[in-house]
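S.K.: What follows is query07.cif, made up of mmCIF, C-alpha atoms:
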data_model
#
loop_
_atom_site.label_atom_id
_atom_site.label_comp_id
_atom_site.auth_asym_id
_atom_site.auth_seq_id
_atom_site.Cartn_x
_atom_site.Cartn_y
_atom_site.Cartn_z
CA MET A 1 -4.29 -4.41 -5.18
CA LYS A 2 -7.42 -2.39 -4.32
CA ALA A 3 -7.30 -2.10 -0.53
CA ALA A 4 -4.10 -0.05 -0.27
CA ARG A 5 -4.01 0.42 3.51
CA ARG A 6 -5.11 -3.02 4.58
CA ARG A 7 -2.58 -4.70 6.83
CA PRO A 8 -0.92 -7.51 4.80
CA ARG A 9 -1.50 -11.05 5.95
CA ARG A 10 1.82 -12.80 6.48
CA ARG A 11 3.09 -16.34 6.62
CA HIS A 12 6.66 -16.47 7.95
CA ASP A 13 8.63 -19.46 6.73
CA VAL A 14 11.32 -19.37 9.40
CA PRO A 15 12.26 -22.32 11.63
CA ALA A 16 11.27 -22.05 15.27
CA GLY A 17 13.85 -20.20 17.32
CA LYS A 18 15.22 -18.18 14.42
CA GLY A 19 15.76 -14.48 15.09
CA LEU A 20 14.71 -11.69 12.77
CA TYR A 21 17.89 -11.64 10.70
CA THR A 22 19.20 -15.17 11.08
CA GLY A 23 17.17 -17.02 8.45
CA GLN A 24 18.33 -17.81 4.91
CA VAL A 25 16.48 -17.16 1.67
CA THR A 26 16.93 -19.82 -1.01
CA SER A 27 15.59 -20.58 -4.46
CA ALA A 28 12.79 -22.49 -2.72
CA THR A 29 11.25 -19.12 -1.87
CA ILE A 30 10.35 -18.60 -5.51
CA GLY A 31 8.42 -21.85 -5.62
CA ARG A 32 6.14 -20.78 -2.80
CA ALA A 33 4.64 -18.12 -5.05
CA GLY A 34 2.85 -20.79 -7.05
CA THR A 35 -0.47 -20.33 -5.21
CA GLY A 36 -0.66 -16.63 -6.05
CA GLY A 37 1.21 -15.26 -3.04
CA VAL A 38 4.13 -12.89 -3.43
CA PRO A 39 7.43 -14.03 -1.87
CA PHE A 40 9.14 -11.51 0.39
CA VAL A 41 12.33 -11.37 2.41
CA LYS A 42 13.39 -8.89 5.09
CA GLY A 43 16.97 -7.76 4.56
CA HIS A 44 19.28 -5.03 5.79
CA GLY A 45 22.58 -3.34 5.11
CA THR A 46 24.01 -1.87 8.34
CA GLU A 47 20.45 -1.97 9.71
CA ASN A 48 19.00 0.06 6.85
CA ASP A 49 16.18 -2.44 6.35
CA PHE A 50 13.98 -3.39 3.43
CA VAL A 51 11.10 -5.57 2.38
CA VAL A 52 12.30 -7.37 -0.76
CA VAL A 53 9.51 -8.70 -3.01
CA LEU A 54 9.93 -10.92 -6.05
CA ASP A 55 7.95 -9.84 -9.12
CA PRO A 56 9.96 -11.11 -12.12
CA ASP A 57 7.53 -10.03 -14.82
CA GLY A 58 6.42 -6.73 -13.29
CA ARG A 59 2.83 -7.78 -12.63
CA LEU A 60 2.43 -6.08 -9.25
CA ALA A 61 0.82 -2.64 -9.33
CA LEU A 62 2.11 -1.38 -5.99
CA ASP A 63 0.69 2.03 -5.22
CA PRO A 64 2.28 4.44 -2.70
CA ALA A 65 -0.29 3.80 0.03
CA GLU A 66 0.17 0.05 -0.21
CA VAL A 67 3.95 0.35 -0.02
CA ALA A 68 3.60 2.62 3.01
CA ALA A 69 1.32 0.04 4.66
CA LEU A 70 3.81 -2.76 3.99
CA CYS A 71 6.72 -0.73 5.41
CA ASP A 72 4.82 0.58 8.45
CA ARG A 73 6.88 0.07 11.64
CA TYR A 74 3.86 -0.96 13.71
CA ALA A 75 1.16 -2.34 11.42
CA GLY A 76 3.27 -3.66 8.54
CA LEU A 77 6.60 -5.39 8.03
CA ALA A 78 8.69 -2.58 9.57
CA ALA A 79 11.13 -1.31 6.95
CA ASP A 80 12.87 1.81 5.64
CA GLY A 81 11.79 0.93 2.11
CA LEU A 82 10.61 -1.68 -0.36
CA ILE A 83 12.72 -3.29 -3.09
CA ARG A 84 10.90 -5.01 -5.94
CA VAL A 85 13.02 -7.57 -7.81
CA VAL A 86 11.84 -7.32 -11.41
CA ARG A 87 13.34 -8.02 -14.81
CA THR A 88 14.71 -4.86 -16.38
CA ALA A 89 12.87 -5.55 -19.64
CA ALA A 90 9.53 -5.53 -17.79
CA LEU A 91 9.75 -1.88 -16.68
CA ALA A 92 9.72 1.36 -18.64
CA ASP A 93 12.29 2.70 -16.15
CA GLY A 94 14.66 -0.04 -17.34
CA ALA A 95 14.83 1.29 -20.91
CA GLY A 96 18.42 1.40 -22.17
CA GLN A 97 19.71 -0.80 -19.32
CA GLY A 98 19.76 -4.10 -21.20
CA GLU A 99 23.10 -5.16 -19.73
CA ALA A 100 21.29 -5.64 -16.40
CA GLU A 101 18.88 -8.57 -16.32
CA TRP A 102 17.39 -7.46 -12.99
CA PHE A 103 16.10 -4.03 -11.93
CA MET A 104 15.99 -2.71 -8.35
CA ASP A 105 12.62 -0.96 -8.19
CA TYR A 106 13.10 0.96 -4.94
CA ARG A 107 10.37 2.76 -2.98
CA ASN A 108 10.81 4.85 0.17
CA ALA A 109 8.84 3.94 3.28
CA ASP A 110 6.20 6.55 2.44
CA GLY A 111 5.65 4.87 -0.92
CA SER A 112 7.43 7.46 -3.04
CA LEU A 113 9.72 6.35 -5.86
CA ALA A 114 13.47 6.77 -5.32
CA GLN A 115 16.28 6.85 -7.85
CA MET A 116 18.71 4.77 -5.84
CA CYS A 117 19.57 3.15 -2.53
CA GLY A 118 23.22 2.32 -1.86
CA ASN A 119 22.61 -0.17 0.96
CA GLY A 120 19.73 -1.57 -1.07
CA THR A 121 22.05 -2.50 -3.95
CA ARG A 122 23.98 -4.85 -1.66
CA VAL A 123 20.83 -6.42 -0.26
CA PHE A 124 19.48 -6.74 -3.81
CA ALA A 125 22.65 -8.53 -4.97
CA ALA A 126 22.61 -10.81 -1.92
CA TYR A 127 19.01 -11.72 -2.72
CA LEU A 128 19.84 -12.50 -6.37
CA ALA A 129 22.67 -14.78 -5.24
CA ALA A 130 20.68 -16.56 -2.53
CA ALA A 131 17.64 -17.07 -4.75
CA GLY A 132 19.72 -18.48 -7.61
CA LEU A 133 18.93 -15.56 -9.90
CA ALA A 134 22.60 -14.60 -10.36
CA ASP A 135 25.88 -16.48 -10.06
CA LEU A 136 27.89 -14.47 -7.53
CA ALA A 137 30.92 -16.43 -6.42
CA ASP A 138 33.51 -14.53 -4.39
CA GLY A 139 34.97 -11.82 -6.63
CA ALA A 140 32.18 -12.04 -9.21
CA ALA A 141 29.98 -9.06 -10.07
CA VAL A 142 26.45 -8.46 -11.30
CA SER A 143 24.93 -5.48 -13.09
CA ILE A 144 21.63 -4.20 -11.70
CA GLY A 145 19.27 -1.63 -13.15
CA THR A 146 18.18 1.40 -11.12
CA ARG A 147 16.50 4.72 -11.83
CA ALA A 148 19.98 6.24 -11.53
CA GLY A 149 21.40 3.92 -14.18
CA VAL A 150 23.16 0.56 -14.14
CA LYS A 151 25.24 -0.23 -11.04
CA ARG A 152 27.83 -3.00 -10.65
CA VAL A 153 27.89 -4.96 -7.40
CA ARG A 154 30.85 -7.20 -6.57
CA ARG A 155 30.94 -9.94 -3.96
CA GLU A 156 33.80 -9.72 -1.45
CA GLY A 157 33.57 -12.77 0.77
CA ALA A 158 30.58 -12.23 3.04
CA GLU A 159 30.22 -8.58 1.95
CA TYR A 160 29.41 -6.66 -1.22
CA ALA A 161 30.90 -3.59 -2.92
CA THR A 162 28.87 -1.35 -5.25
CA ASP A 163 30.18 1.09 -7.82
CA LEU A 164 27.60 3.85 -7.46
CA GLY A 165 28.75 5.53 -10.66
CA PRO A 166 29.04 9.26 -11.39
CA TRP A 167 28.78 11.91 -8.69
CA ARG A 168 29.34 15.65 -8.33
CA VAL A 169 29.50 18.46 -5.81
CA VAL A 170 26.52 20.36 -7.19
CA ALA A 171 27.70 23.96 -6.73
CA GLY A 172 31.36 23.28 -7.47
CA ALA A 173 34.59 24.69 -6.06
CA GLU A 174 33.19 27.90 -4.58
CA ALA A 175 30.65 26.01 -2.45
CA ALA A 176 33.32 23.57 -1.27
CA ALA A 177 35.64 26.44 -0.33
CA THR A 178 32.99 28.36 1.61
CA GLY A 179 31.55 25.27 3.28
CA GLY A 180 28.27 24.96 1.42
CA ASP A 181 25.67 26.18 -1.04
CA SER A 182 22.66 25.96 1.28
CA THR A 183 21.69 26.39 4.92
CA VAL A 184 20.26 23.64 7.11
CA ALA A 185 18.40 24.08 10.40
CA VAL A 186 18.52 20.98 12.60
CA GLY A 187 16.63 20.57 15.86
CA ALA A 188 18.74 20.96 19.06
CA VAL A 189 22.03 21.88 17.34
CA PRO A 190 24.25 23.78 17.49
CA LEU A 191 23.99 23.46 21.25
CA GLU A 192 24.81 27.11 21.84
CA ALA A 193 22.01 28.26 19.48
CA PRO A 194 19.62 25.38 18.66
CA ALA A 195 18.18 25.26 15.15
CA SER A 196 20.41 28.09 13.91
CA PRO A 197 21.15 27.61 10.19
CA LEU A 198 24.33 25.66 9.40
CA PRO A 199 26.16 25.42 6.05
CA GLY A 200 25.20 22.44 3.91
CA LEU A 201 27.01 21.11 0.84
CA SER A 202 24.87 19.59 -1.94
CA VAL A 203 26.12 16.33 -3.47
CA ASP A 204 24.46 14.48 -6.37
CA LEU A 205 24.86 10.70 -6.56
CA GLY A 206 21.90 10.15 -8.83
CA ASN A 207 19.85 11.10 -5.79
CA PRO A 208 20.16 14.35 -3.78
CA HIS A 209 22.12 14.85 -0.56
CA THR A 210 22.95 17.80 1.68
CA VAL A 211 25.91 17.26 4.01
CA VAL A 212 26.37 19.25 7.23
CA ALA A 213 29.54 19.17 9.36
CA LEU A 214 29.22 19.25 13.15
CA PRO A 215 32.13 19.99 15.50
CA ASP A 216 32.02 16.88 17.70
CA THR A 217 30.19 13.65 18.48
CA HIS A 218 28.41 15.23 21.45
CA GLN A 219 26.57 17.58 19.09
CA LEU A 220 25.98 14.71 16.66
CA ALA A 221 24.29 12.70 19.41
CA ALA A 222 22.24 15.73 20.52
CA ALA A 223 20.81 16.49 17.07
CA ASP A 224 17.05 16.03 16.87
CA LEU A 225 16.16 14.24 13.63
CA SER A 226 12.61 13.36 14.63
CA ALA A 227 11.55 16.03 12.15
CA ALA A 228 13.11 16.78 8.77
CA PRO A 229 15.88 19.38 8.85
CA VAL A 230 14.88 22.61 7.13
CA VAL A 231 17.02 23.08 4.01
CA SER A 232 17.16 26.39 2.15
CA PRO A 233 16.91 26.60 -0.76
CA VAL A 234 14.87 23.39 -0.93
CA PRO A 235 15.99 21.14 -3.83
CA ALA A 236 13.22 20.43 -6.34
CA GLU A 237 13.01 16.74 -5.41
CA GLY A 238 13.76 17.19 -1.73
CA THR A 239 17.00 15.96 -0.20
CA ASN A 240 18.58 13.52 2.22
CA VAL A 241 20.44 15.30 5.01
CA GLU A 242 23.66 13.87 6.48
CA LEU A 243 25.21 15.15 9.71
CA VAL A 244 28.90 14.28 9.93
CA VAL A 245 31.79 14.59 12.35
CA PRO A 246 35.40 13.91 11.25
CA LEU A 247 37.16 11.48 13.59
CA HIS A 248 40.57 11.34 11.84
CA ASP A 249 43.48 13.75 12.12
CA ALA A 250 44.76 15.85 9.24
CA THR A 251 47.61 13.44 8.41
CA ALA A 252 45.51 10.26 8.19
CA ARG A 253 45.66 8.26 4.97
CA ILE A 254 42.21 6.82 5.65
CA GLY A 255 39.44 9.23 6.56
CA HIS A 256 37.03 8.41 9.36
CA LEU A 257 33.57 9.91 9.85
CA ALA A 258 30.65 9.46 12.23
CA LEU A 259 27.28 10.04 10.59
CA ARG A 260 23.57 10.33 11.23
CA VAL A 261 21.05 10.76 8.43
CA HIS A 262 17.51 11.93 7.80
CA GLU A 263 16.24 10.31 4.60
CA ARG A 264 13.57 11.99 2.49
CA GLY A 265 10.38 9.96 2.49
CA VAL A 266 11.51 7.93 5.52
CA GLY A 267 12.90 9.93 8.45
CA GLU A 268 16.01 9.11 10.45
CA THR A 269 17.43 5.72 9.52
CA ARG A 270 20.20 3.58 10.95
CA SER A 271 22.22 3.95 7.75
CA CYS A 272 22.06 5.38 4.23
CA GLY A 273 24.53 4.02 1.68
CA THR A 274 24.49 6.88 -0.81
CA GLY A 275 24.47 9.26 2.17
CA VAL A 276 27.65 7.68 3.49
CA VAL A 277 29.32 8.21 0.11
CA ALA A 278 28.01 11.77 -0.12
CA ALA A 279 29.47 12.47 3.32
CA ALA A 280 32.88 11.17 2.25
CA ILE A 281 32.72 13.25 -0.95
CA ALA A 282 31.86 16.39 1.02
CA ALA A 283 34.53 15.79 3.67
CA ARG A 284 37.16 15.30 0.98
CA ALA A 285 36.01 18.42 -0.90
CA TRP A 286 36.30 20.43 2.34
CA GLY A 287 39.71 18.89 3.09
CA GLY A 288 41.23 19.67 -0.30
CA VAL A 289 43.91 17.87 -2.30
CA ASP A 290 45.56 16.31 0.76
CA ALA A 291 42.34 14.68 2.00
CA PRO A 292 42.13 10.86 1.86
CA ASP A 293 40.61 8.91 -1.04
CA THR A 294 39.56 6.02 1.23
CA TRP A 295 37.12 6.41 4.12
CA VAL A 296 35.43 4.44 6.86
CA VAL A 297 32.10 5.78 8.03
CA ASP A 298 30.41 4.79 11.27
CA VAL A 299 26.62 4.91 11.26
CA PRO A 300 24.26 3.81 14.05
CA GLY A 301 23.83 0.47 12.25
CA GLY A 302 27.50 -0.37 11.71
CA ARG A 303 30.47 0.58 9.53
CA LEU A 304 30.82 1.09 5.79
CA ARG A 305 33.83 1.71 3.53
CA VAL A 306 34.09 4.24 0.71
CA ALA A 307 36.68 4.57 -2.06
CA LEU A 308 36.82 7.66 -4.29
CA PRO A 309 38.83 8.38 -7.45
CA PRO A 310 42.18 9.98 -6.57
CA GLY A 311 42.49 13.68 -7.32
CA GLU A 312 38.85 14.22 -8.27
CA LEU A 313 37.40 16.47 -5.58
CA LEU A 314 34.35 17.97 -7.28
CA ALA A 315 33.12 15.26 -9.69
CA GLY A 316 34.00 11.70 -10.54
CA ALA A 317 33.00 8.75 -12.70
CA TRP A 318 32.81 6.25 -9.86
CA ALA A 319 32.51 5.85 -6.11
CA GLU A 320 32.60 2.50 -4.35
CA LEU A 321 30.58 1.62 -1.26
CA ALA A 322 31.37 -1.63 0.57
CA GLY A 323 29.81 -3.38 3.52
CA PRO A 324 27.53 -6.17 4.71
CA ALA A 325 24.18 -7.38 3.40
CA VAL A 326 22.00 -9.63 5.56
CA LEU A 327 18.90 -11.60 4.56
CA GLY A 328 16.59 -12.90 7.22
CA VAL A 329 12.89 -13.52 7.69
CA GLU A 330 11.16 -14.78 4.57
CA GLY A 331 7.53 -15.47 3.79
CA VAL A 332 4.71 -15.01 1.35
CA LEU A 333 2.42 -11.97 1.16
CA ASP A 334 -1.24 -12.28 0.21
CA LEU A 335 -1.84 -8.97 -1.53
CA HIS A 336 -5.19 -9.85 -3.09
#
Could you write out this structure as structure tokens?
M.R.:
Amino acid sequence: MKAARRRPRRRHDVPAGKGLYTGQVTSATIGRAGTGGVPFVKGHGTENDFVVVLDPDGRLALDPAEVAALCDRYAGLAADGLIRVVRTAALADGAGQGEAEWFMDYRNADGSLAQMCGNGTRVFAAYLAAAGLADLADGAAVSIGTRAGVKRVRREGAEYATDLGPWRVVAGAEAAATGGDSTVAVGAVPLEAPASPLPGLSVDLGNPHTVVALPDTHQLAAADLSAAPVVSPVPAEGTNVELVVPLHDATARIGHLALRVHERGVGETRSCGTGVVAAAIAARAWGGVDAPDTWVVDVPGGRLRVALPPGELLAGAWAELAGPAVLGVEGVLDLH
């Protein structure tokens, strides 16, 4: 673990002809670690992709530079983040989360620690099931530890649904009524005055989000997220920024949003699970008591579903995110 920026040597255990996300991880993956290599799997949830590494006893000392090298789009394994599969009891961050045998140690692509990753929870649960580390028949659920507390993930056929737990609109009713509690400058939008500050609404899901409404999908497509939007005031731990456009009419019982996201520590990604939920929370807070409790959200990588507690517009004890989780290329990393 000394040469942090060295390109990892890889051995891909995928049959000839298999595409990037068409392989299957099995419990045999664990056995291949016997020679000192570290098993990994590439997985994604609506194309929000991760390197998943197995480290049951927490022996890996991954530093930020090494994680960044592993996730590098050109010289590494090409991912939005890294998920370490580790027993909760092996990590100080798992203290008080004894109901969860396994902890999702999530790192952003730049190597920084993150509290949570909504899409990552589904990929994590899919990995546990495929590797034989959890019994997840259809309808069954597993508790997983995170830095934002224990989350429950339920299997729904080929998909997974995660209860992301408590959430809140940070600045409360006044911010929801006025449209936001911060300003956000985004490259190229609004089209009539590019980079002019727009209202942003702060939402806390155990990790920070700032949600910005745009008037139409043309402006959503035009937004330049190659650089981080400028948020003022800047939250102490930074923030993820979601740009959203409502696609439903005012009488719809199911809300519908289009979304793009810039993730702190990563950049623009094809999807962000907690960001999708934050967007639904913000849209419902803006819409008021008649706004839907159930939402579908289209991201560049696919579609996700969100359910929120009825009648709770500013804070709630749960929020459910549902969608696919795909495991693909697997192999063994030589990190020595």
S.K.: State, in Å with one decimal place, the distance from CA of Tyr160 (chain A) to CA of Gly323 (chain A).
M.R.: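 CA of Gly323 (chain A) lies at a distance of 5.8 Å from CA of Tyr160 (chain A).
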S.K.: For CA of Pro235 (chain A) and CA of Arg107 (chain A), determine how far apart the two atoms are, in Å to one decimal place.
M.R.: 19.2 Å
S.K.: Starting from the shown file, work through the PyMOL selection byres ((chain A and resi 147) around 12) and note down what comes out as a PyMOL selection string.
M.R.: chain A and resi 88+91-97+103-107+113-117+144-146+148-151+164+205-207
S.K.: Report as an MDAnalysis selection string the full result of the PyMOL selection byres ((chain A and resi 313) around 6) when it is applied to this structure.
M.R.: chainID A and resid 285 312 314
S.K.: For a quick check of understanding, using all atoms listed in the file, which of A:Thr251, A:Gln219, A:Asn48, A:Asn108 has the smallest distance to Pro194 (chain A)?
M.R.: A:Gln219
S.K.: Using all atoms listed in the file, which of the listed residues (A:Gly43, A:Pro166, A:Gly238, A:Gly76) sits closest to Ala125 (chain A)?
M.R.: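 Closest residue, counting all atoms listed in the file: A:Gly43.
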S.K.: Applying 10 Å and only C-alpha atoms, which residues near Pro215 (chain A) remain after dropping the ones on its own chain fewer than 3 positions away? List them as a JSON list (two decimals) with C-alpha atoms, keeping the file's coordinate frame.
M.R.:
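selection-v2.json written:
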[["chain", "number", "residue", "atom", "x", "y", "z"],
["A", 190, "PRO", "CA", 24.25, 23.78, 17.49],
["A", 218, "HIS", "CA", 28.41, 15.23, 21.45],
["A", 219, "GLN", "CA", 26.57, 17.58, 19.09],
["A", 220, "LEU", "CA", 25.98, 14.71, 16.66],
["A", 244, "VAL", "CA", 28.90, 14.28, 9.93],
["A", 245, "VAL", "CA", 31.79, 14.59, 12.35],
["A", 246, "PRO", "CA", 35.40, 13.91, 11.25]]
S.K.: Once the PyMOL selection byres ((chain A and resi 306) around 9) is applied to the coordinates I shared, what remains selected? I want it as a list in words.
M.R.: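 Applying the PyMOL selection byres ((chain A and resi 306) around 9) to the structure shown produces Val276, Val277, Ala280, Asp293, Thr294, Trp295, Val296, Val297, Leu304, Arg305, Ala307, Leu308, Ala319, Glu320, Leu321 and Ala322 of chain A.
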S.K.: What is the distance, in Å and to one decimal place, between CA of Leu77 (chain A) and CA of Glu268 (chain A)?
M.R.: 17.5 Å
S.K.: Residues at most 8 Å from Asp298 (chain A), counting all atoms listed in the file, excluding those fewer than 6 positions away in the same chain, as a list in words?
M.R.: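 Residues near the query, excluding close chain neighbours: His256, Leu257, Ala258, Leu259 and Leu304 of chain A.
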S.K.: With all atoms listed in the file as the counted atoms, please give the residues lying no more than 6 Å from region 228-231 of chain A, apart from itself and same-chain residues fewer than 5 positions off, as a compact mmCIF listing (two decimals) with C-alpha atoms, in the frame of the given file.
M.R.:
# COMPACT_ATOMS: atom_id res chain seq x y z
CA THR A 183 21.69 26.39 4.92
CA VAL A 184 20.26 23.64 7.11
CA ALA A 185 18.40 24.08 10.40
CA VAL A 186 18.52 20.98 12.60
S.K.: Enumerate, as a count of residues only, the protein, DNA and RNA residues whose atoms approach (28.4, -8.6, 1.1) to within 10 Å, taking into account all atoms listed in the file and the coordinate frame of the file.
M.R.: 21
S.K.: Restricting the calculation to all atoms listed in the file, which member of A:Val51, A:Ala223, A:Val169, A:Val261 is positioned closest to Gly331 (chain A)?
M.R.: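 For Gly331 (chain A), the nearest of the given residues is A:Val51.
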S.K.: Could you tell me, as a PDB file with C-alpha atoms, in the coordinates of the input, which residues have any atom at most 9 Å from (4.7, 4.6, 5.1), counting all atoms listed in the file?
M.R.:
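Generated file (out-v3.pdb):
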ATOM      1  CA  PRO A  64       2.280   4.440  -2.700  1.00  0.00           C
ATOM      2  CA  ALA A  65      -0.290   3.800   0.030  1.00  0.00           C
ATOM      3  CA  GLU A  66       0.170   0.050  -0.210  1.00  0.00           C
ATOM      4  CA  VAL A  67       3.950   0.350  -0.020  1.00  0.00           C
ATOM      5  CA  ALA A  68       3.600   2.620   3.010  1.00  0.00           C
ATOM      6  CA  ALA A  69       1.320   0.040   4.660  1.00  0.00           C
ATOM      7  CA  LEU A  70       3.810  -2.760   3.990  1.00  0.00           C
ATOM      8  CA  CYS A  71       6.720  -0.730   5.410  1.00  0.00           C
ATOM      9  CA  ASP A  72       4.820   0.580   8.450  1.00  0.00           C
ATOM     10  CA  ARG A  73       6.880   0.070  11.640  1.00  0.00           C
ATOM     11  CA  ALA A  79      11.130  -1.310   6.950  1.00  0.00           C
ATOM     12  CA  ASP A  80      12.870   1.810   5.640  1.00  0.00           C
ATOM     13  CA  GLY A  81      11.790   0.930   2.110  1.00  0.00           C
ATOM     14  CA  ASN A 108      10.810   4.850   0.170  1.00  0.00           C
ATOM     15  CA  ALA A 109       8.840   3.940   3.280  1.00  0.00           C
ATOM     16  CA  ASP A 110       6.200   6.550   2.440  1.00  0.00           C
ATOM     17  CA  GLY A 111       5.650   4.870  -0.920  1.00  0.00           C
ATOM     18  CA  GLY A 265      10.380   9.960   2.490  1.00  0.00           C
ATOM     19  CA  VAL A 266      11.510   7.930   5.520  1.00  0.00           C
TER      20      VAL A 266
END
S.K.: Using all atoms listed in the file, which of the listed residues (A:Gly139, A:Gly275, A:Gly311, A:Gly255) sits closest to Pro292 (chain A)?
M.R.: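 Of the candidates, the smallest distance to Pro292 (chain A) is held by A:Gly255.
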S.K.: For Glu237 (chain A), which residue out of A:Arg87, A:Ala222, A:Glu330, A:Ser112 is the nearest one, using all atoms listed in the file?
M.R.: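 Closest candidate: A:Ser112.
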S.K.: For Gly180 (chain A), which residue out of A:Glu47, A:Ala250, A:Ala283, A:Leu128 is the nearest one, using all atoms listed in the file?
M.R.: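 Closest to Gly180 (chain A) of all the choices is A:Ala283.
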S.K.: Pick out the residues sitting within 10 Å of Ala129 (chain A), and hand them over as a PyMOL selection string; count all atoms listed in the file, and ignore anything fewer than 3 positions along from it in its own chain.
M.R.: chain A and resi 25-27+123-126+132-137+142+155
